[in-house]
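*Asks:* Next up, coords_30.pdb (PDB, C-alpha atoms).
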```pdb
ATOM      1  CA  MET A  95      27.018  31.996 -35.202  1.00  0.00           C
ATOM      2  CA  SER A  96      29.646  31.493 -32.487  1.00  0.00           C
ATOM      3  CA  GLU A  97      28.731  31.767 -28.829  1.00  0.00           C
ATOM      4  CA  ILE A  98      30.050  34.993 -27.300  1.00  0.00           C
ATOM      5  CA  GLN A  99      30.523  35.589 -23.573  1.00  0.00           C
ATOM      6  CA  LEU A 100      33.631  37.558 -22.642  1.00  0.00           C
ATOM      7  CA  GLU A 101      33.808  38.641 -18.992  1.00  0.00           C
ATOM      8  CA  LEU A 102      36.538  40.749 -17.423  1.00  0.00           C
ATOM      9  CA  ASN A 103      36.222  40.881 -13.635  1.00  0.00           C
ATOM     10  CA  GLN A 104      38.344  43.434 -11.740  1.00  0.00           C
ATOM     11  CA  ILE A 105      41.404  42.887 -13.944  1.00  0.00           C
ATOM     12  CA  SER A 106      44.560  44.602 -12.676  1.00  0.00           C
ATOM     13  CA  LYS A 107      48.203  44.597 -13.774  1.00  0.00           C
ATOM     14  CA  ARG A 108      51.130  46.134 -11.948  1.00  0.00           C
ATOM     15  CA  PHE A 109      54.682  46.576 -13.219  1.00  0.00           C
ATOM     16  CA  GLY A 110      56.632  47.371 -10.068  1.00  0.00           C
ATOM     17  CA  GLY A 111      55.082  50.575  -8.742  1.00  0.00           C
ATOM     18  CA  ASN A 112      53.149  51.281 -11.942  1.00  0.00           C
ATOM     19  CA  GLN A 113      49.454  50.333 -11.967  1.00  0.00           C
ATOM     20  CA  ALA A 114      49.069  49.778 -15.727  1.00  0.00           C
ATOM     21  CA  VAL A 115      45.519  48.332 -15.496  1.00  0.00           C
ATOM     22  CA  ASP A 116      43.375  49.151 -12.479  1.00  0.00           C
ATOM     23  CA  HIS A 117      40.419  46.883 -11.629  1.00  0.00           C
ATOM     24  CA  VAL A 118      38.815  46.908 -15.086  1.00  0.00           C
ATOM     25  CA  SER A 119      35.508  45.072 -15.547  1.00  0.00           C
ATOM     26  CA  PHE A 120      33.282  44.776 -18.612  1.00  0.00           C
ATOM     27  CA  ASN A 121      31.323  42.118 -20.507  1.00  0.00           C
ATOM     28  CA  VAL A 122      30.788  41.333 -24.177  1.00  0.00           C
ATOM     29  CA  THR A 123      27.673  39.205 -24.616  1.00  0.00           C
ATOM     30  CA  ARG A 124      26.779  39.560 -28.293  1.00  0.00           C
ATOM     31  CA  PRO A 125      28.374  40.367 -31.672  1.00  0.00           C
ATOM     32  CA  GLU A 126      29.104  43.987 -30.766  1.00  0.00           C
ATOM     33  CA  LEU A 127      31.511  46.329 -32.511  1.00  0.00           C
ATOM     34  CA  ILE A 128      33.318  48.039 -29.636  1.00  0.00           C
ATOM     35  CA  GLY A 129      35.833  50.863 -29.799  1.00  0.00           C
ATOM     36  CA  MET A 130      38.475  51.045 -27.084  1.00  0.00           C
ATOM     37  CA  ILE A 131      40.082  54.462 -26.667  1.00  0.00           C
ATOM     38  CA  GLY A 132      42.124  56.413 -24.149  1.00  0.00           C
ATOM     39  CA  PRO A 133      44.966  58.928 -23.912  1.00  0.00           C
ATOM     40  CA  ASN A 134      48.670  58.205 -23.728  1.00  0.00           C
ATOM     41  CA  GLY A 135      49.472  55.542 -21.138  1.00  0.00           C
ATOM     42  CA  ALA A 136      45.812  54.621 -20.683  1.00  0.00           C
ATOM     43  CA  GLY A 137      46.538  50.884 -20.638  1.00  0.00           C
ATOM     44  CA  LYS A 138      44.869  49.780 -23.880  1.00  0.00           C
ATOM     45  CA  THR A 139      47.802  47.707 -25.086  1.00  0.00           C
ATOM     46  CA  THR A 140      48.393  46.183 -21.657  1.00  0.00           C
ATOM     47  CA  LEU A 141      44.727  45.231 -21.364  1.00  0.00           C
ATOM     48  CA  THR A 142      44.833  43.686 -24.838  1.00  0.00           C
ATOM     49  CA  ASN A 143      47.891  41.658 -23.844  1.00  0.00           C
ATOM     50  CA  LEU A 144      46.070  40.476 -20.711  1.00  0.00           C
ATOM     51  CA  MET A 145      42.997  39.390 -22.690  1.00  0.00           C
ATOM     52  CA  SER A 146      45.064  37.561 -25.303  1.00  0.00           C
ATOM     53  CA  GLY A 147      47.347  35.721 -22.872  1.00  0.00           C
ATOM     54  CA  MET A 148      50.510  37.705 -23.610  1.00  0.00           C
ATOM     55  CA  LEU A 149      50.503  38.863 -19.979  1.00  0.00           C
ATOM     56  CA  LYS A 150      49.177  37.376 -16.757  1.00  0.00           C
ATOM     57  CA  PRO A 151      47.044  39.703 -14.590  1.00  0.00           C
ATOM     58  CA  SER A 152      48.171  40.648 -11.084  1.00  0.00           C
ATOM     59  CA  SER A 153      44.580  40.088  -9.968  1.00  0.00           C
ATOM     60  CA  GLY A 154      41.117  39.523 -11.385  1.00  0.00           C
ATOM     61  CA  THR A 155      39.688  36.959 -13.802  1.00  0.00           C
ATOM     62  CA  ILE A 156      38.821  36.686 -17.489  1.00  0.00           C
ATOM     63  CA  TYR A 157      36.273  34.199 -18.813  1.00  0.00           C
ATOM     64  CA  LEU A 158      35.532  33.420 -22.451  1.00  0.00           C
ATOM     65  CA  ASN A 159      32.428  31.390 -23.210  1.00  0.00           C
ATOM     66  CA  GLY A 160      32.418  29.940 -19.697  1.00  0.00           C
ATOM     67  CA  ARG A 161      36.123  29.066 -19.659  1.00  0.00           C
ATOM     68  CA  ARG A 162      38.632  30.915 -17.518  1.00  0.00           C
ATOM     69  CA  ILE A 163      41.462  32.126 -19.772  1.00  0.00           C
ATOM     70  CA  ASP A 164      43.510  34.571 -17.665  1.00  0.00           C
ATOM     71  CA  GLY A 165      47.041  33.301 -17.229  1.00  0.00           C
ATOM     72  CA  HIS A 166      46.685  30.781 -20.073  1.00  0.00           C
ATOM     73  CA  ALA A 167      49.171  30.706 -22.934  1.00  0.00           C
ATOM     74  CA  PRO A 168      48.263  32.771 -26.030  1.00  0.00           C
ATOM     75  CA  TYR A 169      47.679  29.660 -28.154  1.00  0.00           C
ATOM     76  CA  GLU A 170      45.235  28.348 -25.545  1.00  0.00           C
ATOM     77  CA  VAL A 171      43.363  31.664 -25.525  1.00  0.00           C
ATOM     78  CA  THR A 172      43.226  31.567 -29.315  1.00  0.00           C
ATOM     79  CA  ARG A 173      41.841  28.034 -29.287  1.00  0.00           C
ATOM     80  CA  ALA A 174      39.228  29.169 -26.766  1.00  0.00           C
ATOM     81  CA  GLY A 175      37.983  31.717 -29.312  1.00  0.00           C
ATOM     82  CA  LEU A 176      39.781  35.052 -28.853  1.00  0.00           C
ATOM     83  CA  GLY A 177      42.068  36.309 -31.616  1.00  0.00           C
ATOM     84  CA  ARG A 178      44.018  39.539 -31.958  1.00  0.00           C
ATOM     85  CA  THR A 179      46.200  41.461 -34.362  1.00  0.00           C
ATOM     86  CA  PHE A 180      49.319  43.419 -33.464  1.00  0.00           C
ATOM     87  CA  GLN A 181      50.374  46.999 -34.163  1.00  0.00           C
ATOM     88  CA  VAL A 182      53.497  45.572 -35.812  1.00  0.00           C
ATOM     89  CA  THR A 183      52.506  42.768 -38.188  1.00  0.00           C
ATOM     90  CA  ARG A 184      53.938  39.280 -37.669  1.00  0.00           C
ATOM     91  CA  ALA A 185      53.804  37.664 -41.096  1.00  0.00           C
ATOM     92  CA  LEU A 186      56.250  34.815 -41.769  1.00  0.00           C
ATOM     93  CA  ASN A 187      58.587  36.470 -44.286  1.00  0.00           C
ATOM     94  CA  ARG A 188      60.038  33.291 -45.784  1.00  0.00           C
ATOM     95  CA  MET A 189      56.593  31.892 -46.595  1.00  0.00           C
ATOM     96  CA  THR A 190      54.164  32.778 -49.334  1.00  0.00           C
ATOM     97  CA  VAL A 191      50.880  34.480 -48.571  1.00  0.00           C
ATOM     98  CA  MET A 192      49.052  31.155 -48.942  1.00  0.00           C
ATOM     99  CA  GLU A 193      51.512  29.378 -46.652  1.00  0.00           C
ATOM    100  CA  ASN A 194      51.022  32.160 -44.090  1.00  0.00           C
ATOM    101  CA  MET A 195      47.288  31.503 -44.256  1.00  0.00           C
ATOM    102  CA  MET A 196      47.666  27.739 -43.936  1.00  0.00           C
ATOM    103  CA  VAL A 197      49.710  27.865 -40.703  1.00  0.00           C
ATOM    104  CA  PRO A 198      46.872  29.158 -38.486  1.00  0.00           C
ATOM    105  CA  GLY A 199      44.346  27.105 -40.447  1.00  0.00           C
ATOM    106  CA  LEU A 200      46.183  23.862 -39.676  1.00  0.00           C
ATOM    107  CA  ALA A 201      46.880  24.944 -36.081  1.00  0.00           C
ATOM    108  CA  HIS A 202      43.163  25.566 -35.536  1.00  0.00           C
ATOM    109  CA  ASN A 203      41.993  22.407 -37.273  1.00  0.00           C
ATOM    110  CA  PRO A 204      44.826  19.850 -37.738  1.00  0.00           C
ATOM    111  CA  SER A 205      42.468  17.214 -39.172  1.00  0.00           C
ATOM    112  CA  ALA A 206      41.053  19.484 -41.886  1.00  0.00           C
ATOM    113  CA  ARG A 207      41.630  18.611 -45.517  1.00  0.00           C
ATOM    114  CA  ARG A 208      44.266  20.795 -47.129  1.00  0.00           C
ATOM    115  CA  SER A 209      41.990  21.490 -50.081  1.00  0.00           C
ATOM    116  CA  ASP A 210      39.252  22.787 -47.757  1.00  0.00           C
ATOM    117  CA  LEU A 211      41.698  25.086 -45.963  1.00  0.00           C
ATOM    118  CA  GLU A 212      43.057  26.381 -49.261  1.00  0.00           C
ATOM    119  CA  GLU A 213      39.528  27.092 -50.462  1.00  0.00           C
ATOM    120  CA  ARG A 214      38.822  29.008 -47.244  1.00  0.00           C
ATOM    121  CA  ALA A 215      42.103  30.917 -47.608  1.00  0.00           C
ATOM    122  CA  HIS A 216      41.270  31.892 -51.200  1.00  0.00           C
ATOM    123  CA  GLU A 217      37.859  33.201 -50.075  1.00  0.00           C
ATOM    124  CA  ILE A 218      39.414  35.319 -47.334  1.00  0.00           C
ATOM    125  CA  LEU A 219      42.188  36.675 -49.566  1.00  0.00           C
ATOM    126  CA  SER A 220      39.555  37.621 -52.125  1.00  0.00           C
ATOM    127  CA  LEU A 221      37.572  39.447 -49.422  1.00  0.00           C
ATOM    128  CA  LEU A 222      40.743  41.337 -48.515  1.00  0.00           C
ATOM    129  CA  THR A 223      41.500  42.124 -52.201  1.00  0.00           C
ATOM    130  CA  ILE A 224      44.961  40.525 -52.025  1.00  0.00           C
ATOM    131  CA  ASP A 225      44.157  37.246 -53.775  1.00  0.00           C
ATOM    132  CA  HIS A 226      46.485  38.352 -56.615  1.00  0.00           C
ATOM    133  CA  LEU A 227      49.332  38.029 -54.104  1.00  0.00           C
ATOM    134  CA  THR A 228      48.487  34.459 -53.051  1.00  0.00           C
ATOM    135  CA  TYR A 229      51.811  32.972 -54.139  1.00  0.00           C
ATOM    136  CA  GLU A 230      54.046  35.984 -53.410  1.00  0.00           C
ATOM    137  CA  TYR A 231      56.400  35.849 -50.456  1.00  0.00           C
ATOM    138  CA  SER A 232      55.076  37.937 -47.606  1.00  0.00           C
ATOM    139  CA  ARG A 233      58.347  39.890 -47.349  1.00  0.00           C
ATOM    140  CA  ALA A 234      57.485  41.454 -50.736  1.00  0.00           C
ATOM    141  CA  LEU A 235      54.201  42.927 -49.458  1.00  0.00           C
ATOM    142  CA  SER A 236      53.699  46.582 -48.569  1.00  0.00           C
ATOM    143  CA  GLY A 237      52.941  47.565 -44.987  1.00  0.00           C
ATOM    144  CA  GLY A 238      49.234  47.861 -45.775  1.00  0.00           C
ATOM    145  CA  GLN A 239      49.154  44.506 -47.553  1.00  0.00           C
ATOM    146  CA  ARG A 240      50.843  42.903 -44.565  1.00  0.00           C
ATOM    147  CA  LYS A 241      48.083  44.353 -42.347  1.00  0.00           C
ATOM    148  CA  LEU A 242      45.517  42.722 -44.623  1.00  0.00           C
ATOM    149  CA  LEU A 243      47.387  39.403 -44.499  1.00  0.00           C
ATOM    150  CA  GLU A 244      47.358  39.533 -40.696  1.00  0.00           C
ATOM    151  CA  LEU A 245      43.590  40.079 -40.771  1.00  0.00           C
ATOM    152  CA  GLY A 246      43.279  37.084 -43.075  1.00  0.00           C
ATOM    153  CA  ARG A 247      45.390  34.842 -40.841  1.00  0.00           C
ATOM    154  CA  LEU A 248      43.142  35.827 -37.945  1.00  0.00           C
ATOM    155  CA  LEU A 249      40.014  34.732 -39.822  1.00  0.00           C
ATOM    156  CA  MET A 250      41.569  31.303 -40.487  1.00  0.00           C
ATOM    157  CA  LEU A 251      41.349  30.784 -36.692  1.00  0.00           C
ATOM    158  CA  ASP A 252      37.593  31.516 -36.689  1.00  0.00           C
ATOM    159  CA  PRO A 253      37.553  33.325 -33.313  1.00  0.00           C
ATOM    160  CA  SER A 254      34.314  34.527 -31.720  1.00  0.00           C
ATOM    161  CA  VAL A 255      36.006  37.659 -30.311  1.00  0.00           C
ATOM    162  CA  ILE A 256      38.497  39.675 -32.378  1.00  0.00           C
ATOM    163  CA  ILE A 257      40.741  42.461 -31.074  1.00  0.00           C
ATOM    164  CA  LEU A 258      42.096  44.747 -33.809  1.00  0.00           C
ATOM    165  CA  ASP A 259      45.068  46.746 -32.537  1.00  0.00           C
ATOM    166  CA  GLU A 260      45.643  49.829 -34.736  1.00  0.00           C
ATOM    167  CA  PRO A 261      44.492  48.211 -38.015  1.00  0.00           C
ATOM    168  CA  PHE A 262      44.590  51.534 -39.921  1.00  0.00           C
ATOM    169  CA  ALA A 263      48.058  52.701 -38.844  1.00  0.00           C
ATOM    170  CA  GLY A 264      50.379  53.292 -41.794  1.00  0.00           C
ATOM    171  CA  VAL A 265      47.836  51.985 -44.308  1.00  0.00           C
ATOM    172  CA  HIS A 266      47.116  53.658 -47.663  1.00  0.00           C
ATOM    173  CA  PRO A 267      43.583  55.179 -47.801  1.00  0.00           C
ATOM    174  CA  ARG A 268      42.514  52.674 -50.462  1.00  0.00           C
ATOM    175  CA  LEU A 269      43.510  49.758 -48.249  1.00  0.00           C
ATOM    176  CA  GLN A 270      41.874  51.454 -45.255  1.00  0.00           C
ATOM    177  CA  GLU A 271      38.600  51.152 -47.132  1.00  0.00           C
ATOM    178  CA  THR A 272      39.251  47.426 -47.534  1.00  0.00           C
ATOM    179  CA  ILE A 273      39.791  47.148 -43.766  1.00  0.00           C
ATOM    180  CA  TYR A 274      36.532  49.044 -43.176  1.00  0.00           C
ATOM    181  CA  ASN A 275      34.742  46.511 -45.377  1.00  0.00           C
ATOM    182  CA  TYR A 276      36.480  43.632 -43.566  1.00  0.00           C
ATOM    183  CA  ILE A 277      35.299  44.908 -40.188  1.00  0.00           C
ATOM    184  CA  HIS A 278      31.712  45.279 -41.392  1.00  0.00           C
ATOM    185  CA  ARG A 279      31.728  41.835 -43.038  1.00  0.00           C
ATOM    186  CA  VAL A 280      33.222  40.029 -40.042  1.00  0.00           C
ATOM    187  CA  HIS A 281      30.810  41.763 -37.682  1.00  0.00           C
ATOM    188  CA  GLU A 282      27.860  40.765 -39.878  1.00  0.00           C
ATOM    189  CA  ASP A 283      29.104  37.172 -39.682  1.00  0.00           C
ATOM    190  CA  GLY A 284      28.463  37.243 -35.928  1.00  0.00           C
ATOM    191  CA  LYS A 285      31.858  38.113 -34.470  1.00  0.00           C
ATOM    192  CA  ALA A 286      32.440  40.526 -31.607  1.00  0.00           C
ATOM    193  CA  ILE A 287      35.115  43.073 -32.482  1.00  0.00           C
ATOM    194  CA  ILE A 288      37.123  45.298 -30.150  1.00  0.00           C
ATOM    195  CA  LEU A 289      38.727  48.063 -32.219  1.00  0.00           C
ATOM    196  CA  ILE A 290      41.694  50.035 -30.875  1.00  0.00           C
ATOM    197  CA  SER A 291      42.676  52.917 -33.145  1.00  0.00           C
ATOM    198  CA  HIS A 292      44.139  56.412 -33.174  1.00  0.00           C
ATOM    199  CA  ASN A 293      41.801  57.113 -36.095  1.00  0.00           C
ATOM    200  CA  MET A 294      38.972  58.636 -34.100  1.00  0.00           C
ATOM    201  CA  GLY A 295      36.849  59.166 -37.210  1.00  0.00           C
ATOM    202  CA  ALA A 296      36.968  55.428 -37.882  1.00  0.00           C
ATOM    203  CA  VAL A 297      36.279  54.577 -34.226  1.00  0.00           C
ATOM    204  CA  PHE A 298      33.158  56.743 -34.058  1.00  0.00           C
ATOM    205  CA  GLU A 299      31.935  55.645 -37.490  1.00  0.00           C
ATOM    206  CA  LEU A 300      32.329  51.930 -36.839  1.00  0.00           C
ATOM    207  CA  SER A 301      31.654  51.479 -33.121  1.00  0.00           C
ATOM    208  CA  GLN A 302      28.309  50.651 -31.524  1.00  0.00           C
ATOM    209  CA  ARG A 303      29.840  50.996 -28.059  1.00  0.00           C
ATOM    210  CA  LEU A 304      32.868  52.797 -26.639  1.00  0.00           C
ATOM    211  CA  ILE A 305      35.096  51.746 -23.761  1.00  0.00           C
ATOM    212  CA  VAL A 306      37.391  54.479 -22.443  1.00  0.00           C
ATOM    213  CA  LEU A 307      40.481  53.922 -20.307  1.00  0.00           C
ATOM    214  CA  ASN A 308      42.519  56.516 -18.428  1.00  0.00           C
ATOM    215  CA  PHE A 309      45.539  55.743 -16.234  1.00  0.00           C
ATOM    216  CA  GLY A 310      44.583  52.067 -16.431  1.00  0.00           C
ATOM    217  CA  ALA A 311      41.029  52.550 -15.142  1.00  0.00           C
ATOM    218  CA  LEU A 312      37.747  52.220 -17.016  1.00  0.00           C
ATOM    219  CA  ILE A 313      36.151  55.692 -16.964  1.00  0.00           C
ATOM    220  CA  ALA A 314      33.313  55.222 -19.486  1.00  0.00           C
ATOM    221  CA  ASP A 315      31.444  52.422 -21.246  1.00  0.00           C
ATOM    222  CA  GLY A 316      28.413  53.072 -23.427  1.00  0.00           C
ATOM    223  CA  GLU A 317      26.887  54.441 -26.610  1.00  0.00           C
ATOM    224  CA  PRO A 318      29.500  56.492 -28.545  1.00  0.00           C
ATOM    225  CA  GLN A 319      27.657  59.801 -28.626  1.00  0.00           C
ATOM    226  CA  HIS A 320      26.944  59.612 -24.905  1.00  0.00           C
ATOM    227  CA  VAL A 321      30.534  58.695 -24.095  1.00  0.00           C
ATOM    228  CA  LYS A 322      31.843  61.474 -26.341  1.00  0.00           C
ATOM    229  CA  ASN A 323      30.002  64.038 -24.200  1.00  0.00           C
ATOM    230  CA  ASP A 324      30.959  62.516 -20.844  1.00  0.00           C
ATOM    231  CA  PRO A 325      32.806  65.163 -18.768  1.00  0.00           C
ATOM    232  CA  ALA A 326      35.258  62.539 -17.462  1.00  0.00           C
ATOM    233  CA  VAL A 327      36.173  61.541 -21.029  1.00  0.00           C
ATOM    234  CA  ILE A 328      36.535  65.149 -22.150  1.00  0.00           C
ATOM    235  CA  ASP A 329      38.774  65.856 -19.166  1.00  0.00           C
ATOM    236  CA  ALA A 330      40.903  62.758 -19.804  1.00  0.00           C
ATOM    237  CA  TYR A 331      41.774  63.931 -23.304  1.00  0.00           C
ATOM    238  CA  LEU A 332      42.641  67.529 -22.396  1.00  0.00           C
ATOM    239  CA  GLY A 333      46.360  68.049 -22.893  1.00  0.00           C
ATOM    240  CA  HIS A 334      46.961  64.471 -24.080  1.00  0.00           C
ATOM    241  CA  ASP A 335      47.836  62.959 -27.424  1.00  0.00           C
ATOM    242  CA  GLU A 336      45.788  59.916 -28.405  1.00  0.00           C
ATOM    243  CA  ASP A 337      48.431  57.218 -28.156  1.00  0.00           C
ATOM    244  CA  ASP A 338      49.276  54.080 -26.219  1.00  0.00           C
TER     245      ASP A 338
END
```
As structure tokens, how would this structure be written, given the file I've shared?
*Replies:*
Amino acid sequence: MSEIQLELNQISKRFGGNQAVDHVSFNVTRPELIGMIGPNGAGKTTLTNLMSGMLKPSSGTIYLNGRRIDGHAPYEVTRAGLGRTFQVTRALNRMTVMENMMVPGLAHNPSARRSDLEERAHEILSLLTIDHLTYEYSRALSGGQRKLLELGRLLMLDPSVIILDEPFAGVHPRLQETIYNYIHRVHEDGKAIILISHNMGAVFELSQRLIVLNFGALIADGEPQHVKNDPAVIDAYLGHDEDD
């Protein structure tokens, strides 16, 4: 089981006069399954980009397993043990599914034997029920299948903390079930997962802990049922669509 110690300390991000993330602090110290929710403009995507190295914070620090990662390049954050998916998938269209899997596998472990990486890729594709597409070009995949491929590419990196950004969006209900199973399986393997989703049913069913953002600030962090009944959370959602 991978070591897990993610610490966000007073993280803030400003874009001109807009305070997109406002002094957010929280820790992940074990293989938790955490839902991150908030109304429109809450800052979920910006905070994800800060954690994954896509953006540099205006102030504050982020540590992963004892290593400071804020301001580091995304590939350095990934190597440190934090991986994320994107709302819009980023498969390499001119490569086959297997080749898409091998790219992060080789990036993570350049000295690995190709046969070992291929065996790992086959196992993951089987878990995701898309092993029958192993040698298809990724451009031929449906939107849901591309989501599954992105989840598979993430597992080839073997991160200790995984951020899933809208994994159910635009996915057929049958494939949503596969993603549910993926989340449970990966969590059981000792990974910490931060789940961002508009699908509130999925968030409450899967999450052991909820983090709620509003106008860039952390307004609640705790057990889902308790957070659901928090007056500040109820007030934050009044008159808002759940979007980011």
*Asks:* Between atom CA of Gln319 of chain A and atom CA of Val306 of chain A, what is the distance, to one decimal in Å?
*Replies:*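 Answer for the atom CA of Gln319 of chain A to atom CA of Val306 of chain A separation: 12.7 Å.
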*Asks:* For a test of reading the model, state the distance in Å between atom CA of Ile305 of chain A and atom CA of Met130 of chain A, rounded to one decimal.
*Replies:*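 Between atom CA of Ile305 of chain A and atom CA of Met130 of chain A the gap is 4.8 Å.
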*Asks:* If I put a ball of radius 9 Å at (41.2, 44.2, -12.5) in the file's coordinates, which residues poke into it when counting all atoms listed in the file, written as a PyMOL selection string?
*Replies:* chain A and resi 102-107+115-119+151-155+311
*Asks:* Any chance you can output those residues with C-alpha atoms as an mmCIF file, in the frame of the given file?
*Replies:*
```cif
data_model
loop_
_atom_site.group_PDB
_atom_site.id
_atom_site.type_symbol
_atom_site.label_atom_id
_atom_site.label_comp_id
_atom_site.auth_asym_id
_atom_site.auth_seq_id
_atom_site.Cartn_x
_atom_site.Cartn_y
_atom_site.Cartn_z
ATOM 1 C CA LEU A 102 36.538 40.749 -17.423
ATOM 2 C CA ASN A 103 36.222 40.881 -13.635
ATOM 3 C CA GLN A 104 38.344 43.434 -11.740
ATOM 4 C CA ILE A 105 41.404 42.887 -13.944
ATOM 5 C CA SER A 106 44.560 44.602 -12.676
ATOM 6 C CA LYS A 107 48.203 44.597 -13.774
ATOM 7 C CA VAL A 115 45.519 48.332 -15.496
ATOM 8 C CA ASP A 116 43.375 49.151 -12.479
ATOM 9 C CA HIS A 117 40.419 46.883 -11.629
ATOM 10 C CA VAL A 118 38.815 46.908 -15.086
ATOM 11 C CA SER A 119 35.508 45.072 -15.547
ATOM 12 C CA PRO A 151 47.044 39.703 -14.590
ATOM 13 C CA SER A 152 48.171 40.648 -11.084
ATOM 14 C CA SER A 153 44.580 40.088 -9.968
ATOM 15 C CA GLY A 154 41.117 39.523 -11.385
ATOM 16 C CA THR A 155 39.688 36.959 -13.802
ATOM 17 C CA ALA A 311 41.029 52.550 -15.142
#
```
*Asks:* Using the chain letters and numbers from the file, which residues does the PyMOL selection byres ((chain A and resi 225-230) around 12) grab, as a PyMOL selection string?
*Replies:* chain A and resi 186-196+212-224+231-236+239-240+242-243+246
*Asks:* Store the residues picked out above in a file with C-alpha atoms, as a compact mmCIF listing (two decimals), keeping the file's coordinate frame.
*Replies:*
```
# COMPACT_ATOMS: atom_id res chain seq x y z
CA LEU A 186 56.25 34.82 -41.77
CA ASN A 187 58.59 36.47 -44.29
CA ARG A 188 60.04 33.29 -45.78
CA MET A 189 56.59 31.89 -46.60
CA THR A 190 54.16 32.78 -49.33
CA VAL A 191 50.88 34.48 -48.57
CA MET A 192 49.05 31.16 -48.94
CA GLU A 193 51.51 29.38 -46.65
CA ASN A 194 51.02 32.16 -44.09
CA MET A 195 47.29 31.50 -44.26
CA MET A 196 47.67 27.74 -43.94
CA GLU A 212 43.06 26.38 -49.26
CA GLU A 213 39.53 27.09 -50.46
CA ARG A 214 38.82 29.01 -47.24
CA ALA A 215 42.10 30.92 -47.61
CA HIS A 216 41.27 31.89 -51.20
CA GLU A 217 37.86 33.20 -50.08
CA ILE A 218 39.41 35.32 -47.33
CA LEU A 219 42.19 36.67 -49.57
CA SER A 220 39.56 37.62 -52.12
CA LEU A 221 37.57 39.45 -49.42
CA LEU A 222 40.74 41.34 -48.52
CA THR A 223 41.50 42.12 -52.20
CA ILE A 224 44.96 40.52 -52.02
CA TYR A 231 56.40 35.85 -50.46
CA SER A 232 55.08 37.94 -47.61
CA ARG A 233 58.35 39.89 -47.35
CA ALA A 234 57.48 41.45 -50.74
CA LEU A 235 54.20 42.93 -49.46
CA SER A 236 53.70 46.58 -48.57
CA GLN A 239 49.15 44.51 -47.55
CA ARG A 240 50.84 42.90 -44.56
CA LEU A 242 45.52 42.72 -44.62
CA LEU A 243 47.39 39.40 -44.50
CA GLY A 246 43.28 37.08 -43.08
```
*Asks:* Under the PyMOL selection byres ((chain A and resi 150) around 8), which residues of this model are included? Write them out as a PyMOL selection string.
*Replies:* chain A and resi 107+144+147-149+151-152+164-166
*Asks:* Could you tell me which residues the PyMOL selection byres ((chain A and resi 255) around 7) grabs in this file, written as a list in words?
*Replies:*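 Selected by the PyMOL selection byres ((chain A and resi 255) around 7) here: Gly175, Leu176, Gly177, Pro253, Ser254, Ile256, Ile257, Lys285, Ala286 and Ile287 of chain A.
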*Asks:* Please output segment 283-295 of chain A, rebuilt to include N, CA and C atoms, as a PDB file, in the coordinates of the input.
*Replies:*
```
ATOM      1  N   ASP A 283      29.014  38.632 -39.801  1.00  0.00           N
ATOM      2  CA  ASP A 283      29.104  37.172 -39.682  1.00  0.00           C
ATOM      3  C   ASP A 283      28.972  36.700 -38.239  1.00  0.00           C
ATOM      4  N   GLY A 284      28.739  37.639 -37.304  1.00  0.00           N
ATOM      5  CA  GLY A 284      28.463  37.243 -35.928  1.00  0.00           C
ATOM      6  C   GLY A 284      29.641  37.273 -34.984  1.00  0.00           C
ATOM      7  N   LYS A 285      30.704  37.995 -35.353  1.00  0.00           N
ATOM      8  CA  LYS A 285      31.858  38.113 -34.470  1.00  0.00           C
ATOM      9  C   LYS A 285      31.759  39.384 -33.635  1.00  0.00           C
ATOM     10  N   ALA A 286      32.260  39.323 -32.416  1.00  0.00           N
ATOM     11  CA  ALA A 286      32.440  40.526 -31.607  1.00  0.00           C
ATOM     12  C   ALA A 286      33.807  41.100 -31.926  1.00  0.00           C
ATOM     13  N   ILE A 287      33.862  42.413 -32.120  1.00  0.00           N
ATOM     14  CA  ILE A 287      35.115  43.073 -32.482  1.00  0.00           C
ATOM     15  C   ILE A 287      35.411  44.188 -31.491  1.00  0.00           C
ATOM     16  N   ILE A 288      36.636  44.197 -30.981  1.00  0.00           N
ATOM     17  CA  ILE A 288      37.123  45.298 -30.150  1.00  0.00           C
ATOM     18  C   ILE A 288      38.172  46.031 -30.983  1.00  0.00           C
ATOM     19  N   LEU A 289      37.885  47.272 -31.329  1.00  0.00           N
ATOM     20  CA  LEU A 289      38.727  48.063 -32.219  1.00  0.00           C
ATOM     21  C   LEU A 289      39.496  49.109 -31.429  1.00  0.00           C
ATOM     22  N   ILE A 290      40.827  49.041 -31.501  1.00  0.00           N
ATOM     23  CA  ILE A 290      41.694  50.035 -30.875  1.00  0.00           C
ATOM     24  C   ILE A 290      42.347  50.821 -31.998  1.00  0.00           C
ATOM     25  N   SER A 291      42.147  52.132 -32.030  1.00  0.00           N
ATOM     26  CA  SER A 291      42.676  52.917 -33.145  1.00  0.00           C
ATOM     27  C   SER A 291      42.874  54.370 -32.750  1.00  0.00           C
ATOM     28  N   HIS A 292      43.933  54.976 -33.298  1.00  0.00           N
ATOM     29  CA  HIS A 292      44.139  56.412 -33.174  1.00  0.00           C
ATOM     30  C   HIS A 292      43.211  57.177 -34.114  1.00  0.00           C
ATOM     31  N   ASN A 293      42.682  56.481 -35.110  1.00  0.00           N
ATOM     32  CA  ASN A 293      41.801  57.113 -36.095  1.00  0.00           C
ATOM     33  C   ASN A 293      40.415  57.277 -35.476  1.00  0.00           C
ATOM     34  N   MET A 294      40.210  58.436 -34.837  1.00  0.00           N
ATOM     35  CA  MET A 294      38.972  58.636 -34.100  1.00  0.00           C
ATOM     36  C   MET A 294      37.760  58.686 -35.026  1.00  0.00           C
ATOM     37  N   GLY A 295      37.951  59.181 -36.258  1.00  0.00           N
ATOM     38  CA  GLY A 295      36.849  59.166 -37.210  1.00  0.00           C
ATOM     39  C   GLY A 295      36.369  57.754 -37.466  1.00  0.00           C
TER      40      GLY A 295
END
```
